[in-house]
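Here's the structure, in structure tokens; my notes come after.
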Amino acid sequence: MKRSEKFAAIREIADEIGTKTATPEQQKKLSQLLKGNLEAQQFFYDYMSMHAQLLSGADSNLEFSYKRKAETAITEEFVIRRKDNADIINDINIDASKLQQKTVSPLNTLADLSNAQPQKTPHKLLKFWIILTALTFLLFLVWQSFNQNTLPVIAEIEQGKISIIGQGRIENSQLFSGEYQVEQDAGLILASGDKLRLTAHTHIKFFNHNEILLTQGKLIIEPVSNNNIILHGPNFTLHSNGGSLTIDLTQAHLNPIIQSSDNTLLIPSRWQPKHFWSFDSQSDRAIDSAGGATGIPSTGTLRTKGLVGQGAFIFDNSANARIDVGSGGGTAPATGSFSVTDGVTIEALIRPEYSGKFKEIDVIFRKDKGDNELRMLLSFQHDQGKNYLRPEGQFNESLSFGLYIVGQGYHELKLPLDGLKGRPTLAQLKQGHFHHVVASYNVSTGLKAIYINGERLASYQYPPGSKILSGGPGQASIGNNPAESRWAVEAFSGIIDEVAFYDFALPSMSINQHFKNALKGHNYFSLLQSADPLPKTTQLPLPMRSTLELDRLTGLPLQLTSQ
């Protein structure tokens with residue numbers, strides 16, 4: 001879906017604003033559509049910026065530049081220059097704390113421009129005035145949309161000592177929008193009446209009275225109203241939804257610690273797979289809802305009812321049982337979308353019919369044709385005599401996860417299907433139910449692991465920081481080896497559904513949640529089943545009144561520490 005279609009309601013109101021026909025009701029609706037939605041805000045700014053430039057006309061000899069600081073929703077800047085002159089004619093800055101005290105006056109701005117540009121012809125100057133008046137009015141409406149309910153004072157300093165970092169303003173005990181450092185443990189009372197407790201050495205930025213960025217230290221919300229406070233962390237955003245909330249970033253090298261309330265929502269910065277094949281499309285292709293690796297099913301596959309959702313594929317164990325998903329654009333090692341830096345996760349729902357015969361292999365996912373040792377695989381195997389197993393050993397029926405680790409070489413991790421230590425037998429996996437299988441490797445921790453149905457059942461520890469060498473020109477396949485010479489001996493037998501490939505290691509808590517979502521008949525992300533592109537952001541309800549760690553790489557829940 002195009003951005004203009006996704007935000008059609010915003011686009012229609014923006015058009016009305018551009019023609020000065022927007023009603024107060026439309027302006028109020030616009031504020032509601034934009035509030036807390038950074039993607040919608042970016043579309044609105046981009047759309048209005050584009051049309052503002054179109055207003056100028058070729059003969060106006062003007063150049064418009066729009067700048068927006070990504071880390072803040074407070075300051076936006078339009079710069080107007082003559083195309084034949086590098087000097088800035090006028091800079092218009094939207095700063096919430098300043099505009100709350102003084103309204104921009106189009107007449108004053110135009111008078112200043114008139115004095116600065118006496119050489120213009122009356123016709124061109126009049127046209128310039130009209131354009132600039134429209135722009136100034138537009139900028140005022142943009143500011144008004146975001147700040148019509150914002151009070152000038154963000155908070156009252158109840159106790160402690162706070163100093164300004166960069167932009168900010170403190171008058172007596174009143175604190176305004178800006179960035180601050182807590183010198184001594186402090187207490188603040190927000191305009192809504194809610195209280196904040198901040199420890200010494202905390203770094204905090206106030207966008208407005210209900211949106212805050214915390215980069216260091218510890219913050220506690222003591223709610224009084226039902227106001228939703230939005231808290232941005234280094235790789236996540238939290239919505240308090242009127243409840244108490246604690247964020248602890250006091251140890252920068254450790255994972256963030258969160259204490260949730262009844263309705264806390266988490267928006268992680270990184271959650272999407274690099275590729276996701278739900279198989280729910282009615283197309284003759286296996287649509288990739290997260291990337292560009294749409295697959296081509298061969299004749300040994302047949303669409304069937306999904307293990308969850310609308311569709312899945314049956315693989316008939318023949319040489320033509322495969323879905324080819326390409327190389328991911330790789331041309332050399334460490335290139336293409338199957339090349340990973342931070343880690344990797346391969347995830348699938350399966351209902352296997354693997355025979356377990358000696359030397360027979362059933363591939364779930366494999367990439368390596370032409371990549372030699374740089375192969376990456378998740379497959380059922382029964383073999384002997386391999387010297388590249390870590391941990392070493394001899395195994396019969398097993399689930400195998402292979403990767404090339406820099407400084408270590410190519411190794412496979414085996415999950416024996418022997419029924420011991422909580423592991424299932426192959427017969428148990430073939431009882432007709434679907435099973436959730438996940439293979440992951442975390443570069444930061446060095447942990448390589450295999451999970452079945454949300455439980456980690458096999459693992460191997462590498463030195464933390466050990467990198468993966470992957471990607472390249474080799475092809476990838478679902479349900480078979482991508483090399484033609486191996487098609488007849490490595491084809492999958494059974495059903496495969498919901499295959500996902502991530503360029504990071506999914507935390508164990510997220511893996512367990514994905515399995516729970518599948519048990520409910522949902523996809524991994526608890527979204528409606530479809531082949532539509534995955535959304536850019538997701539909101540995860542956190543366990544009620546719990547203390548948990550967030551993964552410092554992704555912002556996803558890592559583990560519960562108490563509940």
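How things are named: the first chain in the structure tokens is A, the next is B, and so on; residues count from 1 in each chain; ligands count from 1 in the order shown.
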Write out as a PyMOL selection string the residues lying within 10 Å of Leu506 of chain A, counting only C-alpha atoms and excluding same-chain residues fewer than 2 positions away.
chain A and resi 271+273+343-347+438-442+502-504+508-512+551+554+556-558
For the structure I just gave you, how does DSSP split segment 411-491 of chain A - specifically, which residues are alpha helix (DSSP H)? Reply as a PyMOL selection string.
chain A and resi 426-429+487-490
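With only C-alpha atoms as the atoms that count, the residue of A:Thr264, A:Thr547, A:Gln381, A:Thr301 with the shortest distance to His239 of chain A is A:Thr264.
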Can you pull out every residue within 7 Å of segment 10-14 of chain A, counting only C-alpha atoms, but drop anything in the same chain fewer than 2 positions away, and send it as JSON, numbers by chain?
{"A": [4, 7, 8, 16, 17, 18, 22, 26, 30, 44, 48]}
Could you list, with a cut-off of 12 Å and counting only C-alpha atoms, the residues of segment 234-325 of chain A near segment 189-200 of chain A, each shown with its nearest atom pair and the distance in Å rounded to one decimal, rows sorted by chain and ascending number, as a Markdown table?
```
| residue | atom | partner | partner_atom | distance |
| --- | --- | --- | --- | --- |
| A:Ser240 | CA | A:Asp194 | CA | 11.4 |
| A:Gly242 | CA | A:Asp194 | CA | 9.1 |
| A:Gly243 | CA | A:Asp194 | CA | 10.0 |
| A:Ser244 | CA | A:Asp194 | CA | 9.6 |
| A:Leu245 | CA | A:Leu196 | CA | 9.8 |
| A:Thr246 | CA | A:Arg197 | CA | 9.3 |
| A:Ile247 | CA | A:Leu198 | CA | 10.1 |
| A:Asp248 | CA | A:Thr199 | CA | 9.6 |
| A:Leu249 | CA | A:Thr199 | CA | 10.5 |
| A:Thr250 | CA | A:Thr199 | CA | 8.9 |
```
Atoms to include: C-alpha atoms. Write the selected residues as a tab-separated table (two decimals), in the first residue's frame.
```
chain	number	residue	atom	x	y	z
A	240	SER	CA	2.14	4.08	30.48
A	242	GLY	CA	-2.25	5.99	33.03
A	243	GLY	CA	-0.35	3.47	35.14
A	244	SER	CA	2.83	3.47	37.18
A	245	LEU	CA	6.04	2.70	35.34
A	246	THR	CA	9.76	2.42	36.08
A	247	ILE	CA	12.64	2.47	33.58
A	248	ASP	CA	16.12	1.72	34.88
A	249	LEU	CA	19.05	2.58	32.58
A	250	THR	CA	21.57	3.12	35.36
```
Excluding Leu415 of chain A and residues on its chain fewer than 6 positions from it, collect all residues at most 10 Å away from it, counting only C-alpha atoms, and give them as number ranges by chain.
A: 380-381, 395-401, 423-424, 449-452, 456-459
Of the candidates A:Gln167, A:Ser470, A:Thr21, A:Asn235, which shows the shortest atom-to-atom distance to Ser337 of chain A, using only C-alpha atoms?
A:Ser470
Go through segment 281-517 of chain A and collect every residue that DSSP, computed from the backbone, puts in strand (DSSP E or B); the answer should be as a ChimeraX atom specification.
/A:286,288,295-297,301-305,311-316,323-326,333,343-352,362-367,376-382,389,397-405,409-416,418,425,435-442,447-452,455-461,468,471,476-478,493-502
Please provide the set of residues having any atom within 7 Å of Glu211 of chain A, restricted to only C-alpha atoms, with same-chain residues fewer than 5 positions apart removed, written as a PyMOL selection string.
chain A and resi 206+229-231
Residues just named, written with C-alpha atoms as an mmCIF file, in the first residue's frame:
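Output saved as again.cif:
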```cif
data_model
loop_
_atom_site.group_PDB
_atom_site.id
_atom_site.type_symbol
_atom_site.label_atom_id
_atom_site.label_comp_id
_atom_site.auth_asym_id
_atom_site.auth_seq_id
_atom_site.Cartn_x
_atom_site.Cartn_y
_atom_site.Cartn_z
ATOM 1 C CA PHE A 206 11.007 16.625 27.650
ATOM 2 C CA ILE A 229 2.903 9.205 29.241
ATOM 3 C CA ILE A 230 5.074 8.157 26.289
ATOM 4 C CA LEU A 231 8.627 7.234 27.295
#
```
Could you give me, as a PyMOL selection string, the residues within 9 Å of Glu490 of chain A, counting only C-alpha atoms and dropping anything in the same chain fewer than 4 positions from it?
chain A and resi 317-319+360-363+379+479-481+486
Name the closest residue to Asp262 of chain A among the candidates A:Lys467, A:Asn241, A:Glu25, A:Leu374; distances are taken between atoms, counting only C-alpha atoms.
A:Asn241
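Note that atom CA of Pro223 of chain A and atom CA of Arg552 of chain A are 26.5 Å apart.
Residue nearest Asn37 of chain A, chosen from A:Lys536, A:Lys448, A:His209, A:Lys520 and counting only C-alpha atoms: A:Lys536.
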